[in-house]
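Enquirer: The structure is given below, and queries will be raised subsequently.
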Amino acid sequence: MNAASPIRSPLRRRLFLTWAVGGVLLLFANAVRRVGPIALEPLRQGWPGWRLAAAYAGSVGLMGFGMGYQGLHKQFAPRVVVRAWAMADRRVGPWVALLAPLASMGLVHGTRRRVITSWTMIGSMVGALVAVRILGQPWRGVIDAGVVVGLAWGMVAILLLAARAARGELPPADPELPAG
């Protein structure tokens, strides 16, 4: 495969798609694995009162809807799937193939606007994570519970959209790939 050969064989295409979408799912799964135990600590310690229970439920509901449904299900997941399928059907260099999960997330190999927007979103999430880390329990667990629900929702959305795309039903999203 030269530096910009198309991914033509069905095997290469499947491998690219598996790596592109599977890599994103692995990143999410790793985050859930790391944050999940912290999110469960308030439950293991017992509820110190109804306010904490309400905050926990509110975090799960708000983050599940806002991050999981609005952010990941409706915007991020369709773009990941569409970008992966579009890159699998066009000429991409070996670095793009190697970085396919990051390319699917729009962090590399995208229009200038897409790359800047994706990095800005990642930066704001990292900033939020750093801010949440300074909180003590149970409040860190309350927020992390919502994050876990949101990420899990996003993973399910990516899996469902990828399964539909495999049957030929791509979601309606602009892949925002560079011209050429």
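To be explicit about the labels: the chains of the structure tokens are called A, B, and onward in the order shown, and within each one the residues are counted from 1, while ligands get numbers from 1 in the order they are shown.
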Would you give me, as JSON lines, each residue of stretch 82-147 of chain A having an atom within 9 Å of an atom of stretch 36-60 of chain A, along with its shortest atom pair and that distance in Å to one decimal, using only C-alpha atoms and sorting by chain and residue number?
Expert:
{"residue": "A:Gln137", "atom": "CA", "partner": "A:Pro42", "partner_atom": "CA", "distance": 7.1}
{"residue": "A:Pro138", "atom": "CA", "partner": "A:Pro42", "partner_atom": "CA", "distance": 5.3}
{"residue": "A:Trp139", "atom": "CA", "partner": "A:Leu52", "partner_atom": "CA", "distance": 8.2}
{"residue": "A:Arg140", "atom": "CA", "partner": "A:Ala39", "partner_atom": "CA", "distance": 7.3}
{"residue": "A:Gly141", "atom": "CA", "partner": "A:Ala39", "partner_atom": "CA", "distance": 3.9}
{"residue": "A:Val142", "atom": "CA", "partner": "A:Tyr56", "partner_atom": "CA", "distance": 4.8}
{"residue": "A:Ile143", "atom": "CA", "partner": "A:Ser59", "partner_atom": "CA", "distance": 5.9}
{"residue": "A:Asp144", "atom": "CA", "partner": "A:Ala39", "partner_atom": "CA", "distance": 4.9}
{"residue": "A:Ala145", "atom": "CA", "partner": "A:Ala39", "partner_atom": "CA", "distance": 4.5}
{"residue": "A:Gly146", "atom": "CA", "partner": "A:Val60", "partner_atom": "CA", "distance": 4.0}
{"residue": "A:Val147", "atom": "CA", "partner": "A:Val60", "partner_atom": "CA", "distance": 7.6}
Enquirer: Go ahead and write the residues just picked, N, CA and C atoms, as a PDB file, in the first residue's frame.
Expert:
ATOM      1  N   GLN A 137     -15.380  13.342  47.345  1.00  0.00           N
ATOM      2  CA  GLN A 137     -16.570  12.510  47.337  1.00  0.00           C
ATOM      3  C   GLN A 137     -17.533  13.082  48.359  1.00  0.00           C
ATOM      4  N   PRO A 138     -18.793  13.016  48.176  1.00  0.00           N
ATOM      5  CA  PRO A 138     -19.526  12.252  47.175  1.00  0.00           C
ATOM      6  C   PRO A 138     -19.779  13.026  45.881  1.00  0.00           C
ATOM      7  N   TRP A 139     -19.404  14.317  45.838  1.00  0.00           N
ATOM      8  CA  TRP A 139     -19.779  15.141  44.690  1.00  0.00           C
ATOM      9  C   TRP A 139     -19.064  14.734  43.414  1.00  0.00           C
ATOM     10  N   ARG A 140     -17.829  14.281  43.541  1.00  0.00           N
ATOM     11  CA  ARG A 140     -17.140  13.799  42.340  1.00  0.00           C
ATOM     12  C   ARG A 140     -17.864  12.577  41.779  1.00  0.00           C
ATOM     13  N   GLY A 141     -18.283  11.696  42.653  1.00  0.00           N
ATOM     14  CA  GLY A 141     -19.020  10.510  42.220  1.00  0.00           C
ATOM     15  C   GLY A 141     -20.351  10.853  41.581  1.00  0.00           C
ATOM     16  N   VAL A 142     -21.001  11.873  42.110  1.00  0.00           N
ATOM     17  CA  VAL A 142     -22.284  12.313  41.550  1.00  0.00           C
ATOM     18  C   VAL A 142     -22.093  12.750  40.099  1.00  0.00           C
ATOM     19  N   ILE A 143     -21.095  13.580  39.854  1.00  0.00           N
ATOM     20  CA  ILE A 143     -20.848  14.064  38.491  1.00  0.00           C
ATOM     21  C   ILE A 143     -20.359  12.930  37.601  1.00  0.00           C
ATOM     22  N   ASP A 144     -19.457  12.098  38.114  1.00  0.00           N
ATOM     23  CA  ASP A 144     -18.932  10.995  37.311  1.00  0.00           C
ATOM     24  C   ASP A 144     -20.003   9.975  36.947  1.00  0.00           C
ATOM     25  N   ALA A 145     -21.026   9.825  37.783  1.00  0.00           N
ATOM     26  CA  ALA A 145     -22.126   8.913  37.443  1.00  0.00           C
ATOM     27  C   ALA A 145     -22.829   9.394  36.176  1.00  0.00           C
ATOM     28  N   GLY A 146     -23.037  10.688  36.074  1.00  0.00           N
ATOM     29  CA  GLY A 146     -23.639  11.231  34.857  1.00  0.00           C
ATOM     30  C   GLY A 146     -22.744  11.039  33.650  1.00  0.00           C
ATOM     31  N   VAL A 147     -21.438  11.202  33.841  1.00  0.00           N
ATOM     32  CA  VAL A 147     -20.483  11.007  32.750  1.00  0.00           C
ATOM     33  C   VAL A 147     -20.526   9.561  32.258  1.00  0.00           C
TER      34      VAL A 147
END
Enquirer: So that I can check the secondary structure, give me every residue of chain A assigned helix (DSSP H, G or I) by backbone DSSP, as a short mmCIF file (atom, residue, chain, number, x, y, z; two decimals) with N, CA and C atoms, in the first residue's frame.
Expert:
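Final output, result.cif:
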data_model
loop_
_atom_site.label_atom_id
_atom_site.label_comp_id
_atom_site.auth_asym_id
_atom_site.auth_seq_id
_atom_site.Cartn_x
_atom_site.Cartn_y
_atom_site.Cartn_z
N PRO A 10 -12.21 -5.71 0.22
CA PRO A 10 -13.19 -5.79 1.31
C PRO A 10 -12.53 -6.04 2.67
N LEU A 11 -11.45 -6.81 2.68
CA LEU A 11 -10.77 -7.08 3.95
C LEU A 11 -10.15 -5.80 4.51
N ARG A 12 -9.44 -5.06 3.67
CA ARG A 12 -8.83 -3.80 4.13
C ARG A 12 -9.89 -2.82 4.60
N ARG A 13 -10.98 -2.77 3.87
CA ARG A 13 -12.08 -1.87 4.24
C ARG A 13 -12.64 -2.25 5.60
N ARG A 14 -12.90 -3.53 5.82
CA ARG A 14 -13.42 -4.01 7.11
C ARG A 14 -12.44 -3.74 8.23
N LEU A 15 -11.16 -3.99 7.97
CA LEU A 15 -10.15 -3.73 9.00
C LEU A 15 -10.11 -2.25 9.36
N PHE A 16 -10.16 -1.39 8.34
CA PHE A 16 -10.15 0.05 8.60
C PHE A 16 -11.36 0.45 9.43
N LEU A 17 -12.54 0.00 9.03
CA LEU A 17 -13.76 0.35 9.75
C LEU A 17 -13.76 -0.19 11.18
N THR A 18 -13.27 -1.41 11.34
CA THR A 18 -13.20 -2.00 12.68
C THR A 18 -12.27 -1.19 13.56
N TRP A 19 -11.10 -0.81 13.04
CA TRP A 19 -10.15 -0.03 13.80
C TRP A 19 -10.69 1.38 14.07
N ALA A 20 -11.28 2.02 13.07
CA ALA A 20 -11.78 3.38 13.22
C ALA A 20 -12.88 3.47 14.27
N VAL A 21 -13.90 2.65 14.12
CA VAL A 21 -15.04 2.69 15.05
C VAL A 21 -14.69 1.98 16.36
N GLY A 22 -14.03 0.83 16.25
CA GLY A 22 -13.65 0.09 17.46
C GLY A 22 -12.69 0.86 18.34
N GLY A 23 -11.79 1.62 17.73
CA GLY A 23 -10.86 2.43 18.52
C GLY A 23 -11.57 3.50 19.34
N VAL A 24 -12.58 4.12 18.75
CA VAL A 24 -13.37 5.12 19.48
C VAL A 24 -14.11 4.44 20.63
N LEU A 25 -14.68 3.27 20.36
CA LEU A 25 -15.39 2.54 21.42
C LEU A 25 -14.43 2.13 22.54
N LEU A 26 -13.21 1.74 22.18
CA LEU A 26 -12.22 1.39 23.20
C LEU A 26 -11.85 2.60 24.06
N LEU A 27 -11.73 3.77 23.45
CA LEU A 27 -11.45 4.98 24.23
C LEU A 27 -12.58 5.26 25.22
N PHE A 28 -13.81 5.14 24.76
CA PHE A 28 -14.96 5.36 25.64
C PHE A 28 -15.01 4.30 26.74
N ALA A 29 -14.79 3.04 26.37
CA ALA A 29 -14.84 1.96 27.36
C ALA A 29 -13.77 2.15 28.42
N ASN A 30 -12.59 2.60 28.02
CA ASN A 30 -11.53 2.84 28.99
C ASN A 30 -11.93 3.95 29.96
N ALA A 31 -12.57 5.00 29.44
CA ALA A 31 -13.03 6.08 30.31
C ALA A 31 -14.09 5.58 31.30
N VAL A 32 -15.02 4.76 30.83
CA VAL A 32 -16.05 4.21 31.71
C VAL A 32 -15.40 3.30 32.76
N ARG A 33 -14.42 2.51 32.35
CA ARG A 33 -13.73 1.62 33.28
C ARG A 33 -13.02 2.41 34.38
N ARG A 34 -12.43 3.54 34.01
CA ARG A 34 -11.69 4.34 34.97
C ARG A 34 -12.60 5.17 35.87
N VAL A 35 -13.68 5.71 35.33
CA VAL A 35 -14.54 6.61 36.07
C VAL A 35 -15.66 5.86 36.81
N GLY A 36 -16.05 4.70 36.30
CA GLY A 36 -17.15 3.94 36.90
C GLY A 36 -17.01 3.68 38.38
N PRO A 37 -15.86 3.16 38.85
CA PRO A 37 -15.73 2.92 40.29
C PRO A 37 -15.86 4.19 41.13
N ILE A 38 -15.38 5.30 40.63
CA ILE A 38 -15.50 6.57 41.36
C ILE A 38 -16.97 6.98 41.43
N ALA A 39 -17.70 6.74 40.34
CA ALA A 39 -19.12 7.08 40.30
C ALA A 39 -19.93 6.23 41.26
N LEU A 40 -19.49 5.01 41.53
CA LEU A 40 -20.23 4.11 42.41
C LEU A 40 -19.90 4.30 43.89
N GLU A 41 -18.84 5.03 44.20
CA GLU A 41 -18.45 5.22 45.61
C GLU A 41 -19.56 5.78 46.48
N PRO A 42 -20.30 6.82 46.03
CA PRO A 42 -21.38 7.31 46.90
C PRO A 42 -22.44 6.24 47.19
N LEU A 43 -22.69 5.34 46.24
CA LEU A 43 -23.66 4.27 46.47
C LEU A 43 -23.13 3.26 47.48
N ARG A 44 -21.84 2.96 47.38
CA ARG A 44 -21.22 2.00 48.31
C ARG A 44 -21.15 2.55 49.73
N GLN A 45 -20.99 3.86 49.85
CA GLN A 45 -20.87 4.48 51.17
C GLN A 45 -22.22 4.70 51.83
N TRP A 50 -31.33 12.82 51.35
CA TRP A 50 -32.11 12.91 50.12
C TRP A 50 -31.50 13.89 49.13
N ARG A 51 -30.77 14.88 49.61
CA ARG A 51 -30.16 15.85 48.70
C ARG A 51 -29.11 15.18 47.81
N LEU A 52 -28.32 14.32 48.39
CA LEU A 52 -27.31 13.62 47.60
C LEU A 52 -27.98 12.68 46.59
N ALA A 53 -29.02 11.99 47.05
CA ALA A 53 -29.76 11.10 46.14
C ALA A 53 -30.36 11.90 44.98
N ALA A 54 -30.90 13.07 45.28
CA ALA A 54 -31.48 13.91 44.22
C ALA A 54 -30.39 14.42 43.28
N ALA A 55 -29.24 14.80 43.85
CA ALA A 55 -28.13 15.27 43.02
C ALA A 55 -27.62 14.15 42.11
N TYR A 56 -27.53 12.94 42.65
CA TYR A 56 -27.06 11.77 41.88
C TYR A 56 -28.02 11.50 40.72
N ALA A 57 -29.31 11.46 41.04
CA ALA A 57 -30.32 11.21 40.01
C ALA A 57 -30.34 12.35 38.99
N GLY A 58 -30.19 13.58 39.47
CA GLY A 58 -30.17 14.72 38.56
C GLY A 58 -28.97 14.68 37.63
N SER A 59 -27.82 14.32 38.16
CA SER A 59 -26.61 14.22 37.34
C SER A 59 -26.77 13.15 36.27
N VAL A 60 -27.28 11.99 36.68
CA VAL A 60 -27.49 10.90 35.73
C VAL A 60 -28.49 11.33 34.65
N GLY A 61 -29.57 11.98 35.05
CA GLY A 61 -30.57 12.41 34.08
C GLY A 61 -30.08 13.51 33.15
N LEU A 62 -29.47 14.53 33.73
CA LEU A 62 -28.99 15.65 32.91
C LEU A 62 -27.84 15.25 32.00
N MET A 63 -26.87 14.54 32.53
CA MET A 63 -25.73 14.13 31.70
C MET A 63 -26.16 13.06 30.70
N GLY A 64 -27.06 12.18 31.11
CA GLY A 64 -27.56 11.18 30.18
C GLY A 64 -28.24 11.84 29.00
N PHE A 65 -29.08 12.82 29.28
CA PHE A 65 -29.77 13.51 28.19
C PHE A 65 -28.85 14.47 27.44
N GLY A 66 -28.19 15.35 28.18
CA GLY A 66 -27.37 16.38 27.54
C GLY A 66 -26.15 15.84 26.83
N MET A 67 -25.37 15.06 27.55
CA MET A 67 -24.14 14.52 26.95
C MET A 67 -24.43 13.29 26.10
N GLY A 68 -25.20 12.35 26.69
CA GLY A 68 -25.46 11.08 26.01
C GLY A 68 -26.31 11.23 24.77
N TYR A 69 -27.48 11.83 24.94
CA TYR A 69 -28.41 11.92 23.82
C TYR A 69 -28.09 13.09 22.89
N GLN A 70 -28.10 14.30 23.45
CA GLN A 70 -27.90 15.49 22.61
C GLN A 70 -26.51 15.56 22.00
N GLY A 71 -25.48 15.33 22.81
CA GLY A 71 -24.12 15.48 22.33
C GLY A 71 -23.58 14.28 21.56
N LEU A 72 -23.66 13.11 22.18
CA LEU A 72 -23.05 11.93 21.58
C LEU A 72 -23.97 11.23 20.58
N HIS A 73 -25.21 10.99 20.96
CA HIS A 73 -26.12 10.23 20.09
C HIS A 73 -26.50 11.01 18.83
N LYS A 74 -26.82 12.27 18.99
CA LYS A 74 -27.32 13.05 17.84
C LYS A 74 -26.21 13.70 17.02
N GLN A 75 -25.06 13.99 17.62
CA GLN A 75 -24.02 14.72 16.88
C GLN A 75 -22.74 13.91 16.70
N PHE A 76 -22.15 13.46 17.79
CA PHE A 76 -20.84 12.82 17.73
C PHE A 76 -20.89 11.46 17.04
N ALA A 77 -21.78 10.58 17.47
CA ALA A 77 -21.84 9.22 16.93
C ALA A 77 -22.10 9.20 15.42
N PRO A 78 -23.07 9.97 14.91
CA PRO A 78 -23.26 9.96 13.45
C PRO A 78 -22.01 10.42 12.70
N ARG A 79 -21.33 11.43 13.23
CA ARG A 79 -20.14 11.94 12.56
C ARG A 79 -19.02 10.90 12.58
N VAL A 80 -18.84 10.21 13.70
CA VAL A 80 -17.81 9.16 13.77
C VAL A 80 -18.07 8.10 12.72
N VAL A 81 -19.30 7.64 12.62
CA VAL A 81 -19.64 6.57 11.68
C VAL A 81 -19.50 7.06 10.24
N VAL A 82 -20.03 8.22 9.93
CA VAL A 82 -19.95 8.74 8.56
C VAL A 82 -18.50 8.98 8.16
N ARG A 83 -17.69 9.54 9.06
CA ARG A 83 -16.28 9.79 8.75
C ARG A 83 -15.55 8.47 8.52
N ALA A 84 -15.81 7.48 9.35
CA ALA A 84 -15.14 6.18 9.18
C ALA A 84 -15.49 5.57 7.83
N TRP A 85 -16.77 5.58 7.46
CA TRP A 85 -17.19 4.99 6.19
C TRP A 85 -16.64 5.80 5.01
N ALA A 86 -16.65 7.12 5.13
CA ALA A 86 -16.14 7.95 4.03
C ALA A 86 -14.64 7.73 3.84
N MET A 87 -13.89 7.63 4.93
CA MET A 87 -12.45 7.41 4.80
C MET A 87 -12.14 6.01 4.27
N ALA A 88 -12.99 5.05 4.60
CA ALA A 88 -12.77 3.69 4.10
C ALA A 88 -12.98 3.61 2.60
N PRO A 94 -1.12 6.26 5.09
CA PRO A 94 -0.91 5.31 6.18
C PRO A 94 -1.07 5.94 7.56
N TRP A 95 -0.73 7.23 7.71
CA TRP A 95 -0.89 7.87 9.01
C TRP A 95 -2.36 8.03 9.37
N VAL A 96 -3.17 8.33 8.38
CA VAL A 96 -4.61 8.44 8.64
C VAL A 96 -5.18 7.08 9.01
N ALA A 97 -4.73 6.03 8.33
CA ALA A 97 -5.19 4.68 8.66
C ALA A 97 -4.75 4.30 10.07
N LEU A 98 -3.53 4.63 10.43
CA LEU A 98 -3.02 4.34 11.77
C LEU A 98 -3.80 5.11 12.83
N ALA A 100 -6.88 6.18 12.60
CA ALA A 100 -8.29 6.15 12.18
C ALA A 100 -9.28 6.48 13.31
N PRO A 101 -9.09 6.01 14.54
CA PRO A 101 -10.05 6.42 15.59
C PRO A 101 -10.03 7.93 15.82
N LEU A 102 -8.84 8.52 15.84
CA LEU A 102 -8.74 9.97 16.02
C LEU A 102 -9.30 10.72 14.81
N ALA A 103 -9.07 10.16 13.63
CA ALA A 103 -9.62 10.76 12.41
C ALA A 103 -11.14 10.66 12.41
N SER A 104 -11.68 9.57 12.88
CA SER A 104 -13.13 9.40 12.95
C SER A 104 -13.76 10.40 13.92
N ARG A 112 -10.46 22.26 8.29
CA ARG A 112 -9.87 23.09 9.35
C ARG A 112 -10.90 23.33 10.46
N ARG A 113 -12.11 23.65 10.06
CA ARG A 113 -13.17 23.90 11.04
C ARG A 113 -13.45 22.67 11.90
N ARG A 114 -13.53 21.49 11.28
CA ARG A 114 -13.82 20.27 12.03
C ARG A 114 -12.71 19.96 13.03
N VAL A 115 -11.47 20.07 12.60
CA VAL A 115 -10.34 19.75 13.49
C VAL A 115 -10.31 20.74 14.66
N ILE A 116 -10.48 22.03 14.38
CA ILE A 116 -10.47 23.03 15.46
C ILE A 116 -11.63 22.79 16.41
N THR A 117 -12.82 22.53 15.87
CA THR A 117 -13.99 22.28 16.72
C THR A 117 -13.78 21.04 17.58
N SER A 118 -13.26 19.97 16.98
CA SER A 118 -13.05 18.73 17.74
C SER A 118 -12.03 18.92 18.84
N TRP A 119 -10.92 19.58 18.54
CA TRP A 119 -9.90 19.82 19.57
C TRP A 119 -10.42 20.75 20.66
N THR A 120 -11.25 21.72 20.29
CA THR A 120 -11.83 22.62 21.29
C THR A 120 -12.74 21.84 22.23
N MET A 121 -13.54 20.94 21.66
CA MET A 121 -14.42 20.12 22.50
C MET A 121 -13.61 19.22 23.43
N ILE A 122 -12.57 18.60 22.91
CA ILE A 122 -11.72 17.74 23.74
C ILE A 122 -11.07 18.57 24.85
N GLY A 123 -10.58 19.74 24.49
CA GLY A 123 -9.96 20.62 25.49
C GLY A 123 -10.92 21.03 26.59
N SER A 124 -12.15 21.34 26.23
CA SER A 124 -13.13 21.72 27.25
C SER A 124 -13.50 20.53 28.13
N MET A 125 -13.56 19.33 27.54
CA MET A 125 -13.84 18.14 28.35
C MET A 125 -12.70 17.85 29.32
N VAL A 126 -11.47 17.98 28.85
CA VAL A 126 -10.32 17.77 29.73
C VAL A 126 -10.33 18.80 30.86
N GLY A 127 -10.64 20.04 30.53
CA GLY A 127 -10.74 21.07 31.56
C GLY A 127 -11.80 20.74 32.59
N ALA A 128 -12.95 20.25 32.13
CA ALA A 128 -14.01 19.86 33.05
C ALA A 128 -13.58 18.69 33.92
N LEU A 129 -12.88 17.72 33.30
CA LEU A 129 -12.40 16.58 34.08
C LEU A 129 -11.42 17.00 35.17
N VAL A 130 -10.52 17.92 34.83
CA VAL A 130 -9.56 18.41 35.82
C VAL A 130 -10.30 19.13 36.95
N ALA A 131 -11.30 19.93 36.60
CA ALA A 131 -12.08 20.64 37.62
C ALA A 131 -12.83 19.67 38.52
N VAL A 132 -13.39 18.62 37.95
CA VAL A 132 -14.15 17.65 38.74
C VAL A 132 -13.22 16.85 39.67
N ARG A 133 -12.00 16.63 39.23
CA ARG A 133 -11.06 15.87 40.06
C ARG A 133 -10.77 16.54 41.40
N TRP A 139 -19.40 14.32 45.84
CA TRP A 139 -19.78 15.14 44.69
C TRP A 139 -19.06 14.73 43.41
N ARG A 140 -17.83 14.28 43.54
CA ARG A 140 -17.14 13.80 42.34
C ARG A 140 -17.86 12.58 41.78
N GLY A 141 -18.28 11.70 42.65
CA GLY A 141 -19.02 10.51 42.22
C GLY A 141 -20.35 10.85 41.58
N VAL A 142 -21.00 11.87 42.11
CA VAL A 142 -22.28 12.31 41.55
C VAL A 142 -22.09 12.75 40.10
N ILE A 143 -21.10 13.58 39.85
CA ILE A 143 -20.85 14.06 38.49
C ILE A 143 -20.36 12.93 37.60
N ASP A 144 -19.46 12.10 38.11
CA ASP A 144 -18.93 10.99 37.31
C ASP A 144 -20.00 9.98 36.95
N ALA A 145 -21.03 9.82 37.78
CA ALA A 145 -22.13 8.91 37.44
C ALA A 145 -22.83 9.39 36.18
N GLY A 146 -23.04 10.69 36.07
CA GLY A 146 -23.64 11.23 34.86
C GLY A 146 -22.74 11.04 33.65
N VAL A 147 -21.44 11.20 33.84
CA VAL A 147 -20.48 11.01 32.75
C VAL A 147 -20.53 9.56 32.26
N VAL A 148 -20.56 8.62 33.18
CA VAL A 148 -20.60 7.19 32.81
C VAL A 148 -21.86 6.90 32.00
N VAL A 149 -22.99 7.41 32.43
CA VAL A 149 -24.24 7.18 31.69
C VAL A 149 -24.15 7.81 30.30
N GLY A 150 -23.63 9.02 30.22
CA GLY A 150 -23.49 9.69 28.93
C GLY A 150 -22.57 8.93 27.98
N LEU A 151 -21.43 8.49 28.49
CA LEU A 151 -20.49 7.72 27.65
C LEU A 151 -21.08 6.39 27.22
N ALA A 152 -21.77 5.72 28.14
CA ALA A 152 -22.40 4.44 27.78
C ALA A 152 -23.45 4.65 26.69
N TRP A 153 -24.22 5.71 26.80
CA TRP A 153 -25.21 6.04 25.78
C TRP A 153 -24.52 6.28 24.44
N GLY A 154 -23.42 7.01 24.48
CA GLY A 154 -22.67 7.27 23.25
C GLY A 154 -22.14 6.00 22.62
N MET A 155 -21.66 5.07 23.45
CA MET A 155 -21.15 3.80 22.92
C MET A 155 -22.25 3.02 22.23
N VAL A 156 -23.41 2.95 22.86
CA VAL A 156 -24.54 2.23 22.26
C VAL A 156 -24.94 2.89 20.95
N ALA A 157 -24.96 4.23 20.93
CA ALA A 157 -25.33 4.95 19.70
C ALA A 157 -24.34 4.65 18.58
N ILE A 158 -23.06 4.67 18.88
CA ILE A 158 -22.04 4.36 17.86
C ILE A 158 -22.23 2.94 17.33
N LEU A 159 -22.43 1.99 18.23
CA LEU A 159 -22.63 0.59 17.81
C LEU A 159 -23.86 0.44 16.91
N LEU A 160 -24.96 1.06 17.31
CA LEU A 160 -26.19 0.94 16.51
C LEU A 160 -26.04 1.61 15.14
N LEU A 161 -25.44 2.79 15.12
CA LEU A 161 -25.24 3.48 13.84
C LEU A 161 -24.25 2.75 12.95
N ALA A 162 -23.22 2.15 13.53
CA ALA A 162 -22.26 1.38 12.75
C ALA A 162 -22.93 0.13 12.16
N ALA A 163 -23.79 -0.50 12.94
CA ALA A 163 -24.51 -1.68 12.43
C ALA A 163 -25.43 -1.28 11.27
N ARG A 164 -26.10 -0.15 11.39
CA ARG A 164 -26.95 0.33 10.30
C ARG A 164 -26.11 0.68 9.08
N ALA A 165 -24.97 1.32 9.31
CA ALA A 165 -24.10 1.70 8.19
C ALA A 165 -23.58 0.45 7.47
N ALA A 166 -23.32 -0.61 8.21
CA ALA A 166 -22.87 -1.85 7.60
C ALA A 166 -23.94 -2.43 6.67
#
Enquirer: Mind pulling up the distance from atom CA of A:Thr111 to atom CA of A:Pro175?
Expert: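 Atom-to-atom, atom CA of A:Pro175 to atom CA of A:Thr111, that is 9.1 Å.
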Enquirer: Grab the atom CA of A:Arg91 to atom CA of A:Leu170 distance for me, in Å with one decimal place.
Expert: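 Taking atom CA of A:Arg91 as the start and atom CA of A:Leu170 as the end point, the length is 19.3 Å.
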Enquirer: Can you measure atom CA of A:Val92 to atom CA of A:Pro172 for me? One decimal in Å is fine.
Expert: 22.0 Å
